[in-house]
Every structure is written in C-alpha cells, then in structure tokens.
>>> print(open('start36.cif').read())   # mmCIF, N, CA, C and O atoms
data_protein
loop_
_atom_site.group_PDB
_atom_site.id
_atom_site.type_symbol
_atom_site.label_atom_id
_atom_site.label_comp_id
_atom_site.auth_asym_id
_atom_site.auth_seq_id
_atom_site.Cartn_x
_atom_site.Cartn_y
_atom_site.Cartn_z
ATOM 1 N N THR A 5 -37.961 76.687 74.018
ATOM 2 C CA THR A 5 -38.626 77.523 75.017
ATOM 3 C C THR A 5 -40.145 77.510 74.857
ATOM 4 O O THR A 5 -40.852 78.107 75.647
ATOM 5 N N TYR A 6 -40.631 76.826 73.830
ATOM 6 C CA TYR A 6 -42.056 76.820 73.520
ATOM 7 C C TYR A 6 -42.927 76.581 74.757
ATOM 8 O O TYR A 6 -43.817 77.353 75.074
ATOM 9 N N GLY A 7 -42.682 75.498 75.460
ATOM 10 C CA GLY A 7 -43.524 75.127 76.592
ATOM 11 C C GLY A 7 -43.384 76.034 77.795
ATOM 12 O O GLY A 7 -44.211 75.998 78.698
ATOM 13 N N HIS A 8 -42.334 76.847 77.825
ATOM 14 C CA HIS A 8 -42.116 77.760 78.944
ATOM 15 C C HIS A 8 -42.822 79.098 78.750
ATOM 16 O O HIS A 8 -42.922 79.875 79.685
ATOM 17 N N GLU A 9 -43.285 79.345 77.536
ATOM 18 C CA GLU A 9 -43.982 80.602 77.267
ATOM 19 C C GLU A 9 -45.412 80.502 77.791
ATOM 20 O O GLU A 9 -46.099 79.505 77.569
ATOM 21 N N THR A 10 -45.865 81.525 78.469
ATOM 22 C CA THR A 10 -47.188 81.537 79.087
ATOM 23 C C THR A 10 -48.289 81.174 78.108
ATOM 24 O O THR A 10 -49.165 80.373 78.418
ATOM 25 N N ARG A 11 -48.215 81.713 76.905
ATOM 26 C CA ARG A 11 -49.281 81.464 75.927
ATOM 27 C C ARG A 11 -49.327 80.010 75.462
ATOM 28 O O ARG A 11 -50.320 79.553 74.911
ATOM 29 N N ASN A 12 -48.239 79.256 75.648
ATOM 30 C CA ASN A 12 -48.176 77.869 75.193
ATOM 31 C C ASN A 12 -48.237 76.850 76.330
ATOM 32 O O ASN A 12 -48.182 75.646 76.080
ATOM 33 N N ALA A 13 -48.355 77.307 77.556
ATOM 34 C CA ALA A 13 -48.260 76.422 78.717
ATOM 35 C C ALA A 13 -49.313 75.314 78.694
ATOM 36 O O ALA A 13 -48.991 74.141 78.928
ATOM 37 N N GLU A 14 -50.545 75.652 78.417
ATOM 38 C CA GLU A 14 -51.607 74.627 78.420
ATOM 39 C C GLU A 14 -51.416 73.623 77.289
ATOM 40 O O GLU A 14 -51.622 72.422 77.477
ATOM 41 N N THR A 15 -51.026 74.097 76.125
ATOM 42 C CA THR A 15 -50.777 73.188 75.002
ATOM 43 C C THR A 15 -49.621 72.256 75.338
ATOM 44 O O THR A 15 -49.692 71.049 75.081
ATOM 45 N N SER A 16 -48.574 72.781 75.928
ATOM 46 C CA SER A 16 -47.424 71.976 76.319
ATOM 47 C C SER A 16 -47.837 70.899 77.317
ATOM 48 O O SER A 16 -47.435 69.740 77.200
ATOM 49 N N LYS A 17 -48.645 71.283 78.276
ATOM 50 C CA LYS A 17 -49.123 70.334 79.291
ATOM 51 C C LYS A 17 -49.988 69.242 78.662
ATOM 52 O O LYS A 17 -49.870 68.063 79.001
ATOM 53 N N THR A 18 -50.820 69.604 77.722
ATOM 54 C CA THR A 18 -51.673 68.636 77.022
ATOM 55 C C THR A 18 -50.836 67.655 76.210
ATOM 56 O O THR A 18 -51.070 66.442 76.246
ATOM 57 N N ILE A 19 -49.868 68.173 75.482
ATOM 58 C CA ILE A 19 -48.987 67.311 74.684
ATOM 59 C C ILE A 19 -48.235 66.346 75.602
ATOM 60 O O ILE A 19 -48.131 65.150 75.313
ATOM 61 N N TYR A 20 -47.733 66.855 76.698
ATOM 62 C CA TYR A 20 -47.020 66.002 77.657
ATOM 63 C C TYR A 20 -47.933 64.899 78.194
ATOM 64 O O TYR A 20 -47.542 63.734 78.254
ATOM 65 N N ALA A 21 -49.141 65.270 78.559
ATOM 66 C CA ALA A 21 -50.091 64.294 79.109
ATOM 67 C C ALA A 21 -50.439 63.203 78.104
ATOM 68 O O ALA A 21 -50.695 62.053 78.483
ATOM 69 N N GLN A 22 -50.439 63.534 76.827
ATOM 70 C CA GLN A 22 -50.797 62.570 75.791
ATOM 71 C C GLN A 22 -49.616 61.711 75.348
ATOM 72 O O GLN A 22 -49.823 60.676 74.716
ATOM 73 N N SER A 23 -48.407 62.125 75.641
ATOM 74 C CA SER A 23 -47.261 61.380 75.124
ATOM 75 C C SER A 23 -46.345 60.873 76.237
ATOM 76 O O SER A 23 -46.312 59.692 76.525
ATOM 77 N N TRP A 24 -45.612 61.747 76.873
ATOM 78 C CA TRP A 24 -44.602 61.343 77.843
ATOM 79 C C TRP A 24 -45.151 60.907 79.188
ATOM 80 O O TRP A 24 -44.643 59.963 79.791
ATOM 81 N N GLN A 25 -46.135 61.593 79.686
ATOM 82 C CA GLN A 25 -46.569 61.396 81.071
ATOM 83 C C GLN A 25 -46.906 59.947 81.428
ATOM 84 O O GLN A 25 -46.434 59.456 82.463
ATOM 85 N N PRO A 26 -47.670 59.230 80.618
ATOM 86 C CA PRO A 26 -47.976 57.843 80.996
ATOM 87 C C PRO A 26 -46.714 56.974 81.133
ATOM 88 O O PRO A 26 -46.627 56.148 82.044
ATOM 89 N N GLN A 27 -45.748 57.183 80.263
ATOM 90 C CA GLN A 27 -44.511 56.406 80.326
ATOM 91 C C GLN A 27 -43.639 56.831 81.510
ATOM 92 O O GLN A 27 -43.065 55.994 82.205
ATOM 93 N N VAL A 28 -43.545 58.127 81.728
ATOM 94 C CA VAL A 28 -42.706 58.649 82.804
ATOM 95 C C VAL A 28 -43.230 58.219 84.164
ATOM 96 O O VAL A 28 -42.459 57.862 85.064
ATOM 97 N N GLU A 29 -44.542 58.210 84.324
ATOM 98 C CA GLU A 29 -45.125 57.918 85.626
ATOM 99 C C GLU A 29 -45.452 56.437 85.834
ATOM 100 O O GLU A 29 -45.895 56.058 86.916
ATOM 101 N N ALA A 30 -45.199 55.600 84.842
ATOM 102 C CA ALA A 30 -45.433 54.161 84.988
ATOM 103 C C ALA A 30 -44.404 53.590 85.964
ATOM 104 O O ALA A 30 -43.203 53.792 85.804
ATOM 105 N N SER A 31 -44.871 52.882 86.963
ATOM 106 C CA SER A 31 -43.965 52.369 88.002
ATOM 107 C C SER A 31 -42.890 51.450 87.430
ATOM 108 O O SER A 31 -41.764 51.417 87.934
ATOM 109 N N GLU A 32 -43.209 50.719 86.380
ATOM 110 C CA GLU A 32 -42.212 49.815 85.802
ATOM 111 C C GLU A 32 -41.056 50.552 85.119
ATOM 112 O O GLU A 32 -40.025 49.953 84.817
ATOM 113 N N ASN A 33 -41.206 51.847 84.898
ATOM 114 C CA ASN A 33 -40.143 52.633 84.261
ATOM 115 C C ASN A 33 -39.317 53.448 85.253
ATOM 116 O O ASN A 33 -38.378 54.133 84.848
ATOM 117 N N ALA A 34 -39.646 53.366 86.513
ATOM 118 C CA ALA A 34 -38.948 54.155 87.529
ATOM 119 C C ALA A 34 -37.450 53.868 87.489
ATOM 120 O O ALA A 34 -37.021 52.716 87.560
ATOM 121 N N GLY A 35 -36.660 54.912 87.351
ATOM 122 C CA GLY A 35 -35.216 54.793 87.337
ATOM 123 C C GLY A 35 -34.619 54.274 86.038
ATOM 124 O O GLY A 35 -33.412 54.066 85.962
ATOM 125 N N LYS A 36 -35.439 54.069 85.015
ATOM 126 C CA LYS A 36 -34.964 53.497 83.756
ATOM 127 C C LYS A 36 -34.938 54.485 82.595
ATOM 128 O O LYS A 36 -34.376 54.177 81.553
ATOM 129 N N LEU A 37 -35.549 55.635 82.740
ATOM 130 C CA LEU A 37 -35.699 56.555 81.619
ATOM 131 C C LEU A 37 -34.614 57.626 81.595
ATOM 132 O O LEU A 37 -34.160 58.090 82.640
ATOM 133 N N LEU A 38 -34.243 58.013 80.395
ATOM 134 C CA LEU A 38 -33.276 59.079 80.143
ATOM 135 C C LEU A 38 -33.887 60.028 79.119
ATOM 136 O O LEU A 38 -34.778 59.632 78.374
ATOM 137 N N ALA A 39 -33.402 61.239 79.068
ATOM 138 C CA ALA A 39 -33.881 62.189 78.057
ATOM 139 C C ALA A 39 -32.718 63.065 77.605
ATOM 140 O O ALA A 39 -31.996 63.611 78.434
ATOM 141 N N THR A 40 -32.564 63.179 76.291
ATOM 142 C CA THR A 40 -31.456 63.974 75.765
ATOM 143 C C THR A 40 -31.757 65.465 75.738
ATOM 144 O O THR A 40 -30.861 66.280 75.910
ATOM 145 N N GLY A 41 -32.994 65.832 75.526
ATOM 146 C CA GLY A 41 -33.329 67.239 75.334
ATOM 147 C C GLY A 41 -33.651 67.991 76.609
ATOM 148 O O GLY A 41 -34.295 67.470 77.513
ATOM 149 N N TYR A 42 -33.195 69.224 76.661
ATOM 150 C CA TYR A 42 -33.488 70.084 77.809
ATOM 151 C C TYR A 42 -34.991 70.266 77.999
ATOM 152 O O TYR A 42 -35.500 70.185 79.115
ATOM 153 N N SER A 43 -35.706 70.498 76.909
ATOM 154 C CA SER A 43 -37.146 70.730 77.005
ATOM 155 C C SER A 43 -37.869 69.512 77.551
ATOM 156 O O SER A 43 -38.781 69.633 78.367
ATOM 157 N N CYS A 44 -37.469 68.338 77.101
ATOM 158 C CA CYS A 44 -38.095 67.102 77.592
ATOM 159 C C CYS A 44 -37.841 66.935 79.082
ATOM 160 O O CYS A 44 -38.757 66.625 79.844
ATOM 161 N N ARG A 45 -36.604 67.133 79.505
ATOM 162 C CA ARG A 45 -36.291 67.009 80.935
ATOM 163 C C ARG A 45 -37.036 68.059 81.749
ATOM 164 O O ARG A 45 -37.504 67.779 82.856
ATOM 165 N N SER A 46 -37.181 69.248 81.197
ATOM 166 C CA SER A 46 -37.897 70.321 81.892
ATOM 167 C C SER A 46 -39.377 69.992 82.053
ATOM 168 O O SER A 46 -39.963 70.232 83.112
ATOM 169 N N GLN A 47 -39.999 69.437 81.012
ATOM 170 C CA GLN A 47 -41.413 69.063 81.096
ATOM 171 C C GLN A 47 -41.618 67.995 82.159
ATOM 172 O O GLN A 47 -42.564 68.066 82.943
ATOM 173 N N VAL A 48 -40.760 67.006 82.174
ATOM 174 C CA VAL A 48 -40.879 65.930 83.165
ATOM 175 C C VAL A 48 -40.771 66.503 84.570
ATOM 176 O O VAL A 48 -41.567 66.170 85.450
ATOM 177 N N LYS A 49 -39.808 67.361 84.774
ATOM 178 C CA LYS A 49 -39.622 67.962 86.096
ATOM 179 C C LYS A 49 -40.810 68.825 86.492
ATOM 180 O O LYS A 49 -41.301 68.762 87.621
ATOM 181 N N ARG A 50 -41.299 69.611 85.549
ATOM 182 C CA ARG A 50 -42.393 70.539 85.845
ATOM 183 C C ARG A 50 -43.721 69.836 86.062
ATOM 184 O O ARG A 50 -44.463 70.166 86.981
ATOM 185 N N PHE A 51 -44.030 68.848 85.235
ATOM 186 C CA PHE A 51 -45.358 68.240 85.293
ATOM 187 C C PHE A 51 -45.423 66.951 86.112
ATOM 188 O O PHE A 51 -46.464 66.642 86.684
ATOM 189 N N SER A 52 -44.338 66.190 86.163
ATOM 190 C CA SER A 52 -44.363 64.929 86.911
ATOM 191 C C SER A 52 -43.498 64.977 88.172
ATOM 192 O O SER A 52 -43.466 64.017 88.935
ATOM 193 N N HIS A 53 -42.794 66.081 88.371
ATOM 194 C CA HIS A 53 -41.959 66.276 89.555
ATOM 195 C C HIS A 53 -40.922 65.168 89.699
ATOM 196 O O HIS A 53 -40.656 64.682 90.801
ATOM 197 N N LEU A 54 -40.350 64.770 88.565
ATOM 198 C CA LEU A 54 -39.296 63.776 88.522
ATOM 199 C C LEU A 54 -38.123 64.334 87.726
ATOM 200 O O LEU A 54 -38.300 65.246 86.925
ATOM 201 N N VAL A 55 -36.952 63.763 87.940
ATOM 202 C CA VAL A 55 -35.770 64.185 87.207
ATOM 203 C C VAL A 55 -35.311 63.031 86.324
ATOM 204 O O VAL A 55 -35.025 61.945 86.820
ATOM 205 N N LEU A 56 -35.285 63.267 85.014
ATOM 206 C CA LEU A 56 -34.727 62.296 84.081
ATOM 207 C C LEU A 56 -33.329 62.758 83.726
ATOM 208 O O LEU A 56 -33.144 63.869 83.242
ATOM 209 N N PRO A 57 -32.341 61.917 83.949
ATOM 210 C CA PRO A 57 -30.982 62.334 83.604
ATOM 211 C C PRO A 57 -30.740 62.301 82.100
ATOM 212 O O PRO A 57 -31.415 61.581 81.356
ATOM 213 N N HIS A 58 -29.775 63.071 81.684
ATOM 214 C CA HIS A 58 -29.281 63.025 80.313
ATOM 215 C C HIS A 58 -28.492 61.723 80.175
ATOM 216 O O HIS A 58 -27.875 61.260 81.145
ATOM 217 N N PRO A 59 -28.484 61.090 79.009
ATOM 218 C CA PRO A 59 -27.727 59.842 78.838
ATOM 219 C C PRO A 59 -26.253 59.954 79.237
ATOM 220 O O PRO A 59 -25.683 59.000 79.762
ATOM 221 N N LEU A 60 -25.643 61.110 79.013
ATOM 222 C CA LEU A 60 -24.240 61.275 79.409
ATOM 223 C C LEU A 60 -24.083 61.265 80.924
ATOM 224 O O LEU A 60 -23.076 60.774 81.445
ATOM 225 N N GLN A 61 -25.075 61.784 81.640
ATOM 226 C CA GLN A 61 -25.035 61.726 83.100
ATOM 227 C C GLN A 61 -25.115 60.271 83.567
ATOM 228 O O GLN A 61 -24.409 59.871 84.490
ATOM 229 N N ALA A 62 -25.978 59.500 82.925
ATOM 230 C CA ALA A 62 -26.123 58.085 83.282
ATOM 231 C C ALA A 62 -24.835 57.330 82.998
ATOM 232 O O ALA A 62 -24.383 56.511 83.815
ATOM 233 N N LEU A 63 -24.208 57.599 81.869
ATOM 234 C CA LEU A 63 -22.944 56.957 81.521
ATOM 235 C C LEU A 63 -21.855 57.323 82.526
ATOM 236 O O LEU A 63 -21.086 56.468 82.973
ATOM 237 N N LEU A 64 -21.796 58.571 82.899
ATOM 238 C CA LEU A 64 -20.812 59.014 83.882
ATOM 239 C C LEU A 64 -21.019 58.276 85.206
ATOM 240 O O LEU A 64 -20.049 57.852 85.842
ATOM 241 N N ASN A 65 -22.249 58.102 85.619
ATOM 242 C CA ASN A 65 -22.530 57.368 86.863
ATOM 243 C C ASN A 65 -22.060 55.922 86.773
ATOM 244 O O ASN A 65 -21.513 55.378 87.734
ATOM 245 N N VAL A 66 -22.251 55.301 85.629
ATOM 246 C CA VAL A 66 -21.790 53.920 85.433
ATOM 247 C C VAL A 66 -20.263 53.867 85.512
ATOM 248 O O VAL A 66 -19.691 52.987 86.167
ATOM 249 N N LEU A 67 -19.605 54.810 84.856
ATOM 250 C CA LEU A 67 -18.142 54.840 84.877
ATOM 251 C C LEU A 67 -17.603 55.095 86.284
ATOM 252 O O LEU A 67 -16.609 54.483 86.699
ATOM 253 N N ARG A 68 -18.240 55.957 86.998
ATOM 254 C CA ARG A 68 -17.817 56.237 88.394
ATOM 255 C C ARG A 68 -18.001 54.994 89.261
ATOM 256 O O ARG A 68 -17.166 54.713 90.122
ATOM 257 N N SER A 69 -19.104 54.283 89.063
ATOM 258 C CA SER A 69 -19.348 53.058 89.814
ATOM 259 C C SER A 69 -18.270 52.008 89.520
ATOM 260 O O SER A 69 -17.807 51.313 90.404
ATOM 261 N N ALA A 70 -17.888 51.896 88.248
ATOM 262 C CA ALA A 70 -16.866 50.931 87.843
ATOM 263 C C ALA A 70 -15.510 51.296 88.456
ATOM 264 O O ALA A 70 -14.744 50.415 88.856
ATOM 265 N N ASP A 71 -15.208 52.589 88.551
ATOM 266 C CA ASP A 71 -13.942 53.029 89.121
ATOM 267 C C ASP A 71 -13.858 52.741 90.626
ATOM 268 O O ASP A 71 -12.793 52.497 91.150
ATOM 269 N N SER A 72 -14.992 52.803 91.294
ATOM 270 C CA SER A 72 -14.991 52.621 92.750
ATOM 271 C C SER A 72 -14.976 51.151 93.164
ATOM 272 O O SER A 72 -14.843 50.835 94.326
ATOM 273 N N GLN A 73 -15.076 50.255 92.212
ATOM 274 C CA GLN A 73 -15.091 48.814 92.556
ATOM 275 C C GLN A 73 -13.746 48.212 92.501
ATOM 276 O O GLN A 73 -12.806 48.463 92.003
#
>>> encode(input="start36.cif", output="structure tokens")
Amino acid sequence: TYGHETRNAETSKTIYAQSWQPQVEASENAGKLLATGYSCRSQVKRFSHLVLPHPLQALLNVLRSADSQ
C-alpha cells in the first residue's frame, strides 16, 4: 500500500519513472509485459494508464485460445 498513501505518492511516482515507466511505455514492449505483484500492476495502471496482466491471466488466455482451436 506504500504508493497508495498520500504521503508517499510523489516518491512512488519518482521510483516508477526511474524504473518501470521507460520499459512499460516502450512501443517494442506493447502487449509483451506481465507483472506478478498487485502494487506493480497498480502503478502501471495509475501512471501509464495501461493494464499489465498477471502471468496466470496470460497463461489462462493461452489455454483458452488452444481450447478454441
């Protein structure tokens, strides 16, 4: 919950900008990234307005695709 607390919001945004943001927003990574942690997925959604699926969600999508073929 660190990044969701008002007193930590700017620090959370700075950390995101220095680490995840360049990779998340790089066009060559579009549709290729996954994130296991709730906090990581929340930061991406909040700051980059994108949704990174959990690896299990991605696996489920692959399995569903295989079943429909």
>>> resolve_selection(input="start36.cif", expression="the PyMOL selection byres ((chain A and resi 56-70) around 4.5)", output="PDB file with N, CA, C and O atoms, in the frame of the given file")
ATOM      1  N   LEU A  37     -35.549  55.635  82.740  1.00  0.00           N
ATOM      2  CA  LEU A  37     -35.699  56.555  81.619  1.00  0.00           C
ATOM      3  C   LEU A  37     -34.614  57.626  81.595  1.00  0.00           C
ATOM      4  O   LEU A  37     -34.160  58.090  82.640  1.00  0.00           O
ATOM      5  N   LEU A  38     -34.243  58.013  80.395  1.00  0.00           N
ATOM      6  CA  LEU A  38     -33.276  59.079  80.143  1.00  0.00           C
ATOM      7  C   LEU A  38     -33.887  60.028  79.119  1.00  0.00           C
ATOM      8  O   LEU A  38     -34.778  59.632  78.374  1.00  0.00           O
ATOM      9  N   ALA A  39     -33.402  61.239  79.068  1.00  0.00           N
ATOM     10  CA  ALA A  39     -33.881  62.189  78.057  1.00  0.00           C
ATOM     11  C   ALA A  39     -32.718  63.065  77.605  1.00  0.00           C
ATOM     12  O   ALA A  39     -31.996  63.611  78.434  1.00  0.00           O
ATOM     13  N   LEU A  54     -40.350  64.770  88.565  1.00  0.00           N
ATOM     14  CA  LEU A  54     -39.296  63.776  88.522  1.00  0.00           C
ATOM     15  C   LEU A  54     -38.123  64.334  87.726  1.00  0.00           C
ATOM     16  O   LEU A  54     -38.300  65.246  86.925  1.00  0.00           O
ATOM     17  N   VAL A  55     -36.952  63.763  87.940  1.00  0.00           N
ATOM     18  CA  VAL A  55     -35.770  64.185  87.207  1.00  0.00           C
ATOM     19  C   VAL A  55     -35.311  63.031  86.324  1.00  0.00           C
ATOM     20  O   VAL A  55     -35.025  61.945  86.820  1.00  0.00           O
ATOM     21  N   ASP A  71     -15.208  52.589  88.551  1.00  0.00           N
ATOM     22  CA  ASP A  71     -13.942  53.029  89.121  1.00  0.00           C
ATOM     23  C   ASP A  71     -13.858  52.741  90.626  1.00  0.00           C
ATOM     24  O   ASP A  71     -12.793  52.497  91.150  1.00  0.00           O
ATOM     25  N   SER A  72     -14.992  52.803  91.294  1.00  0.00           N
ATOM     26  CA  SER A  72     -14.991  52.621  92.750  1.00  0.00           C
ATOM     27  C   SER A  72     -14.976  51.151  93.164  1.00  0.00           C
ATOM     28  O   SER A  72     -14.843  50.835  94.326  1.00  0.00           O
ATOM     29  N   GLN A  73     -15.076  50.255  92.212  1.00  0.00           N
ATOM     30  CA  GLN A  73     -15.091  48.814  92.556  1.00  0.00           C
ATOM     31  C   GLN A  73     -13.746  48.212  92.501  1.00  0.00           C
ATOM     32  O   GLN A  73     -12.806  48.463  92.003  1.00  0.00           O
TER      33      GLN A  73
END
>>> atom_distance(input="start36.cif", atom1="atom N of Val48 of chain A", atom2="atom C of Thr15 of chain A")
12.4 Å
>>> atom_distance(input="start36.cif", atom1="atom CA of Ala21 of chain A", atom2="atom CA of Gln47 of chain A")
10.1 Å
>>> residues_around(input="start36.cif", residues="Phe51 of chain A", least_positions_apart="6", cutoff="8 Å", atoms="all atoms listed in the file", output="list of chain:residue names")
A:Lys17, A:Gln25, A:Cys44, A:Arg45
>>> atom_distance(input="start36.cif", atom1="atom CA of Arg11 of chain A", atom2="atom CA of Arg50 of chain A")
16.3 Å
>>> residues_around(input="start36.cif", residues="Tyr6 of chain A", least_positions_apart="5", cutoff="9 Å", atoms="only C-alpha atoms", output="PDB file with N, CA, C and O atoms, in the frame of the given file")
ATOM      1  N   ARG A  11     -48.215  81.713  76.905  1.00  0.00           N
ATOM      2  CA  ARG A  11     -49.281  81.464  75.927  1.00  0.00           C
ATOM      3  C   ARG A  11     -49.327  80.010  75.462  1.00  0.00           C
ATOM      4  O   ARG A  11     -50.320  79.553  74.911  1.00  0.00           O
ATOM      5  N   ASN A  12     -48.239  79.256  75.648  1.00  0.00           N
ATOM      6  CA  ASN A  12     -48.176  77.869  75.193  1.00  0.00           C
ATOM      7  C   ASN A  12     -48.237  76.850  76.330  1.00  0.00           C
ATOM      8  O   ASN A  12     -48.182  75.646  76.080  1.00  0.00           O
ATOM      9  N   ALA A  13     -48.355  77.307  77.556  1.00  0.00           N
ATOM     10  CA  ALA A  13     -48.260  76.422  78.717  1.00  0.00           C
ATOM     11  C   ALA A  13     -49.313  75.314  78.694  1.00  0.00           C
ATOM     12  O   ALA A  13     -48.991  74.141  78.928  1.00  0.00           O
ATOM     13  N   SER A  16     -48.574  72.781  75.928  1.00  0.00           N
ATOM     14  CA  SER A  16     -47.424  71.976  76.319  1.00  0.00           C
ATOM     15  C   SER A  16     -47.837  70.899  77.317  1.00  0.00           C
ATOM     16  O   SER A  16     -47.435  69.740  77.200  1.00  0.00           O
ATOM     17  N   SER A  43     -35.706  70.498  76.909  1.00  0.00           N
ATOM     18  CA  SER A  43     -37.146  70.730  77.005  1.00  0.00           C
ATOM     19  C   SER A  43     -37.869  69.512  77.551  1.00  0.00           C
ATOM     20  O   SER A  43     -38.781  69.633  78.367  1.00  0.00           O
TER      21      SER A  43
END
>>> select_by_dssp(input="start36.cif", residues="segment 12-59 of chain A", states="alpha helix (DSSP H)", output="PyMOL selection string")
chain A and resi 13-22+24-29+42-47+59
>>> closest_residue(input="start36.cif", among="A:Ser52, A:Ser46, A:Thr18, A:Ser31", to="Thr5 of chain A", atoms="only C-alpha atoms")
A:Ser46
